[in-house]
Amino acid sequence: MSRRLSAAGLAVTPPPGWEATIYRRAPGPGEQTYLIVHAATIPLPPDRGDYGGGLVELLGPDDAFVGFLEFGPQAASTPLFGRLTAIPALTPDAFRPRQLQRTLPGQGGVQRFFTVSGRAFCLYAVVGSMANRIPLTYRANQVIGSFAVEKAA
Amino acid sequence: MTALVVGLAVAVGLLGLLVAGLLRGHAEILRALNQLGVDLDPSKATPVQLRPTPARPAATDVADLTGVTPAGDAVSLAVSGVEHDTLIAFLTSGCATCRGFWEAFASVPPDVPGGARLVVATRGPEAESPGVIAGLAGAEVPVVMSTGAWEHYDVPYAPYFVYVSGPASKVVGEGVAAGWEEVRSLVANAVADGTTRPRRGLHQRSAADQRRDLEVDRQLKAAGIEPGDPRLHPTALGEKGGGR
């Protein structure tokens, strides 16, 4: 049974030991929501924030989290998202303790904005331990490398 | 008159053959069910056996659960090559025995001995209504709709339980049970025997622990002790207040 997931032109194949989901959060009043991909080396808890809140607090020192958040089509033409036009791979030195949405002891995070196939995304990754960021970056890149985007319908 | 008697005798003989054939077919069905581990004696619910069934060719032939949630989200849940164990409950929306499990899983977070993660797997949306499954499932247990999972684990009927050791990446037990308490008790016995050896339970605390935490928090609050109160961090035994 293949682990490949696909929905609405996004696809990801979690490597062994990872789990993943592609979903769209129910919008609040007046809000437009877009697709989100979450992948982690721990079980995905049911209540998670877009940036992994509720999950990243549970990461152990050998765990990692990768999230792709899609933004609206208007974002693709902005300088923030337009600078990178390919899915970025990560390097261990990209992770910073202060790049977390909320600072957690020992953890490190990284955020990248990019546009692929005319669709704008934020990549947000967290390693459970800065001390283990070299092997964890390798594992995160396995997920990132499996991420594929088609043009929006 | 003679012809009538002969005709009746022939008819009785044919009916006798028919009954004998039906009884034989019935016995074969019972034998086949018995070989699959089903005991139809209502006084004895057939328990989950915490060992691979002889029918499974390779206990290590485990697959992660990939499908969709009742809400339609694509999802893949890892059961092999992970540090926790997983108890997969294969349920349907239609079977009467499954109802009891749906109700047990929907009301409170189920407490699986040893900290194994409980996951419900139904057939895919082509065979089950996502709306009906969403109505049965609570928010506590993840549900994956995947016909592929049913085929991979060769699930013979529902309800059916498969216990997968995450660190060993193999099935350590599977079978059918009539109620959640039976499953729980058998898993508890297996944990006590050391049949299951998860490296760690789920990060999520058990339902019993969560209830205990809430009760402790409630009692502390009633006593006027809020989070951060220095009395929670005495620096010496016998000291009622203090800092870190």
# chains A, B, ... in the order shown; residues from 1 in each chain; ligands from 1
>>> residues_around(residues="region 1-11 of chain A", least_positions_apart="5", cutoff="6 Å", atoms="only C-alpha atoms", output="PyMOL selection string")
(chain A and resi 147-150) or (chain B and resi 66+74)
>>> residues_around(residues="Leu123 (chain A)", least_positions_apart="3", cutoff="8 Å", atoms="only C-alpha atoms", output="PDB file with N, CA and C atoms, in the first residue's frame")
ATOM      1  N   VAL A  66       7.351  18.989   9.503  1.00  0.00           N
ATOM      2  CA  VAL A  66       7.405  19.776   8.271  1.00  0.00           C
ATOM      3  C   VAL A  66       5.986  20.193   7.895  1.00  0.00           C
ATOM      4  N   GLY A  67       5.802  21.454   7.611  1.00  0.00           N
ATOM      5  CA  GLY A  67       4.490  21.934   7.187  1.00  0.00           C
ATOM      6  C   GLY A  67       4.602  22.786   5.931  1.00  0.00           C
ATOM      7  N   PHE A  68       3.665  22.604   5.023  1.00  0.00           N
ATOM      8  CA  PHE A  68       3.538  23.484   3.854  1.00  0.00           C
ATOM      9  C   PHE A  68       2.180  24.158   3.965  1.00  0.00           C
ATOM     10  N   LEU A  69       2.179  25.477   3.931  1.00  0.00           N
ATOM     11  CA  LEU A  69       0.919  26.215   4.014  1.00  0.00           C
ATOM     12  C   LEU A  69       0.730  26.989   2.720  1.00  0.00           C
ATOM     13  N   VAL A 110      12.621  26.801  10.968  1.00  0.00           N
ATOM     14  CA  VAL A 110      13.012  27.542   9.771  1.00  0.00           C
ATOM     15  C   VAL A 110      11.756  27.785   8.930  1.00  0.00           C
ATOM     16  N   GLN A 111      11.744  28.930   8.259  1.00  0.00           N
ATOM     17  CA  GLN A 111      10.594  29.297   7.440  1.00  0.00           C
ATOM     18  C   GLN A 111      11.098  29.758   6.076  1.00  0.00           C
ATOM     19  N   ARG A 112      10.481  29.271   5.029  1.00  0.00           N
ATOM     20  CA  ARG A 112      10.829  29.676   3.668  1.00  0.00           C
ATOM     21  C   ARG A 112       9.533  29.952   2.896  1.00  0.00           C
ATOM     22  N   PHE A 113       9.557  30.987   2.080  1.00  0.00           N
ATOM     23  CA  PHE A 113       8.388  31.320   1.252  1.00  0.00           C
ATOM     24  C   PHE A 113       8.757  31.094  -0.206  1.00  0.00           C
ATOM     25  N   PHE A 114       7.874  30.501  -0.974  1.00  0.00           N
ATOM     26  CA  PHE A 114       8.198  30.225  -2.369  1.00  0.00           C
ATOM     27  C   PHE A 114       6.923  30.116  -3.207  1.00  0.00           C
TER      28      PHE A 114
END
>>> atom_distance(atom1="CA of Thr122 (chain B)", atom2="CA of Ala63 (chain B)")
15.1 Å
>>> closest_atom_pairs(of="chain B", to="chain A", cutoff="6 Å", atoms="only C-alpha atoms", output="CSV")
residue,atom,partner,partner_atom,distance
B:Thr66,CA,A:Arg3,CA,5.8
B:Asp73,CA,A:Tyr23,CA,4.9
B:Ala74,CA,A:Ile22,CA,5.2
B:Val75,CA,A:Thr21,CA,4.2
B:Ser76,CA,A:Ala20,CA,5.3
B:Leu77,CA,A:Glu19,CA,4.9
B:Ala78,CA,A:Glu19,CA,5.1
B:Gly81,CA,A:Gly17,CA,5.0
B:Val82,CA,A:Gly17,CA,5.3
>>> atom_distance(atom1="CA of Gly118 (chain A)", atom2="CA of Gly28 (chain A)")
25.5 Å
>>> select_by_dssp(residues="region 11-140 of chain A", states="strand (DSSP E or B)", output="PyMOL selection string")
chain A and resi 11-12+19-24+35-40+64-71+96+108-116+119-127
>>> write_last_selection(atoms="N, CA and C atoms", output="compact mmCIF listing (two decimals), in the first residue's frame")
# COMPACT_ATOMS: atom_id res chain seq x y z
N ALA A 11 0.81 16.85 -3.58
CA ALA A 11 1.12 15.45 -3.27
C ALA A 11 2.34 15.39 -2.37
N VAL A 12 2.35 14.42 -1.49
CA VAL A 12 3.51 14.20 -0.62
C VAL A 12 3.55 12.72 -0.28
N GLU A 19 4.31 10.36 9.45
CA GLU A 19 2.93 10.39 8.98
C GLU A 19 2.59 11.78 8.50
N ALA A 20 1.56 11.84 7.68
CA ALA A 20 1.28 13.11 7.00
C ALA A 20 -0.20 13.25 6.71
N THR A 21 -0.59 14.47 6.46
CA THR A 21 -1.97 14.73 6.05
C THR A 21 -2.00 15.97 5.16
N ILE A 22 -2.95 15.99 4.26
CA ILE A 22 -3.23 17.19 3.45
C ILE A 22 -4.67 17.58 3.77
N TYR A 23 -4.85 18.80 4.25
CA TYR A 23 -6.20 19.17 4.68
C TYR A 23 -6.42 20.67 4.46
N ARG A 24 -7.66 21.03 4.60
CA ARG A 24 -8.03 22.45 4.56
C ARG A 24 -8.83 22.73 5.82
N LEU A 35 -4.98 25.02 1.38
CA LEU A 35 -4.51 23.69 1.76
C LEU A 35 -3.29 23.77 2.68
N ILE A 36 -3.21 22.80 3.55
CA ILE A 36 -2.08 22.68 4.47
C ILE A 36 -1.59 21.24 4.42
N VAL A 37 -0.28 21.08 4.40
CA VAL A 37 0.32 19.75 4.50
C VAL A 37 1.08 19.70 5.82
N HIS A 38 0.82 18.70 6.62
CA HIS A 38 1.58 18.48 7.85
C HIS A 38 2.22 17.10 7.79
N ALA A 39 3.48 17.02 8.16
CA ALA A 39 4.17 15.73 8.25
C ALA A 39 5.03 15.74 9.50
N ALA A 40 5.07 14.63 10.20
CA ALA A 40 5.84 14.58 11.45
C ALA A 40 6.28 13.16 11.74
N ALA A 64 10.96 15.47 14.11
CA ALA A 64 10.91 16.66 13.25
C ALA A 64 9.49 16.85 12.73
N PHE A 65 9.21 18.08 12.35
CA PHE A 65 7.91 18.45 11.79
C PHE A 65 8.14 19.26 10.54
N VAL A 66 7.35 18.99 9.50
CA VAL A 66 7.41 19.78 8.27
C VAL A 66 5.99 20.19 7.89
N GLY A 67 5.80 21.45 7.61
CA GLY A 67 4.49 21.93 7.19
C GLY A 67 4.60 22.79 5.93
N PHE A 68 3.66 22.60 5.02
CA PHE A 68 3.54 23.48 3.85
C PHE A 68 2.18 24.16 3.97
N LEU A 69 2.18 25.48 3.93
CA LEU A 69 0.92 26.22 4.01
C LEU A 69 0.73 26.99 2.72
N GLU A 70 -0.37 26.74 2.06
CA GLU A 70 -0.64 27.46 0.82
C GLU A 70 -1.30 28.80 1.14
N PHE A 71 -0.95 29.79 0.35
CA PHE A 71 -1.56 31.11 0.50
C PHE A 71 -2.38 31.42 -0.77
N ARG A 96 16.97 27.88 13.36
CA ARG A 96 17.27 28.85 14.41
C ARG A 96 16.29 28.66 15.57
N GLY A 108 14.54 24.04 17.15
CA GLY A 108 14.90 25.04 16.15
C GLY A 108 13.90 25.01 15.01
N GLY A 109 13.71 26.15 14.37
CA GLY A 109 12.74 26.21 13.27
C GLY A 109 13.30 26.97 12.09
N VAL A 110 12.62 26.80 10.97
CA VAL A 110 13.01 27.54 9.77
C VAL A 110 11.76 27.78 8.93
N GLN A 111 11.74 28.93 8.26
CA GLN A 111 10.59 29.30 7.44
C GLN A 111 11.10 29.76 6.08
N ARG A 112 10.48 29.27 5.03
CA ARG A 112 10.83 29.68 3.67
C ARG A 112 9.53 29.95 2.90
N PHE A 113 9.56 30.99 2.08
CA PHE A 113 8.39 31.32 1.25
C PHE A 113 8.76 31.09 -0.21
N PHE A 114 7.87 30.50 -0.97
CA PHE A 114 8.20 30.23 -2.37
C PHE A 114 6.92 30.12 -3.21
N THR A 115 7.11 30.16 -4.52
CA THR A 115 6.01 30.00 -5.47
C THR A 115 6.37 28.91 -6.47
N VAL A 116 5.47 27.96 -6.64
CA VAL A 116 5.66 26.88 -7.61
C VAL A 116 4.35 26.69 -8.36
N ARG A 119 1.51 28.85 -7.53
CA ARG A 119 0.87 28.74 -6.21
C ARG A 119 1.89 29.10 -5.12
N ALA A 120 1.44 29.88 -4.16
CA ALA A 120 2.35 30.42 -3.13
C ALA A 120 2.27 29.57 -1.86
N PHE A 121 3.47 29.30 -1.32
CA PHE A 121 3.54 28.44 -0.13
C PHE A 121 4.52 29.00 0.90
N CYS A 122 4.26 28.63 2.15
CA CYS A 122 5.25 28.81 3.21
C CYS A 122 5.66 27.42 3.68
N LEU A 123 6.96 27.18 3.69
CA LEU A 123 7.49 25.94 4.27
C LEU A 123 7.92 26.27 5.69
N TYR A 124 7.44 25.51 6.64
CA TYR A 124 7.82 25.72 8.03
C TYR A 124 8.26 24.37 8.59
N ALA A 125 9.48 24.30 9.09
CA ALA A 125 10.00 23.04 9.61
C ALA A 125 10.56 23.26 11.01
N VAL A 126 10.42 22.26 11.84
CA VAL A 126 10.92 22.33 13.22
C VAL A 126 11.68 21.04 13.53
N VAL A 127 12.85 21.18 14.14
CA VAL A 127 13.57 20.00 14.64
C VAL A 127 13.44 19.97 16.15
>>> atom_distance(atom1="CA of Pro97 (chain A)", atom2="CA of Ala140 (chain A)")
16.6 Å
>>> residues_around(residues="region 140-142 of chain B", least_positions_apart="4", cutoff="7 Å", atoms="only C-alpha atoms", output="list in words")
Phe105, Ala106, Pro109, Leu118, Val119 and Val120 of chain B
>>> select_by_dssp(residues="region 34-116 of chain A", states="alpha helix (DSSP H)", output="ChimeraX atom specification")
/A:79-82
>>> write_last_selection(atoms="N, CA and C atoms", output="mmCIF file, in the first residue's frame")
data_model
loop_
_atom_site.group_PDB
_atom_site.id
_atom_site.type_symbol
_atom_site.label_atom_id
_atom_site.label_comp_id
_atom_site.auth_asym_id
_atom_site.auth_seq_id
_atom_site.Cartn_x
_atom_site.Cartn_y
_atom_site.Cartn_z
ATOM 1 N N PRO A 79 6.721 40.002 -3.637
ATOM 2 C CA PRO A 79 8.160 39.719 -3.522
ATOM 3 C C PRO A 79 8.485 38.642 -2.490
ATOM 4 N N LEU A 80 7.730 38.597 -1.405
ATOM 5 C CA LEU A 80 8.017 37.613 -0.353
ATOM 6 C C LEU A 80 7.956 36.192 -0.895
ATOM 7 N N PHE A 81 6.927 35.908 -1.687
ATOM 8 C CA PHE A 81 6.746 34.543 -2.192
ATOM 9 C C PHE A 81 7.421 34.340 -3.548
ATOM 10 N N GLY A 82 7.621 35.438 -4.291
ATOM 11 C CA GLY A 82 8.114 35.313 -5.657
ATOM 12 C C GLY A 82 9.618 35.143 -5.767
#
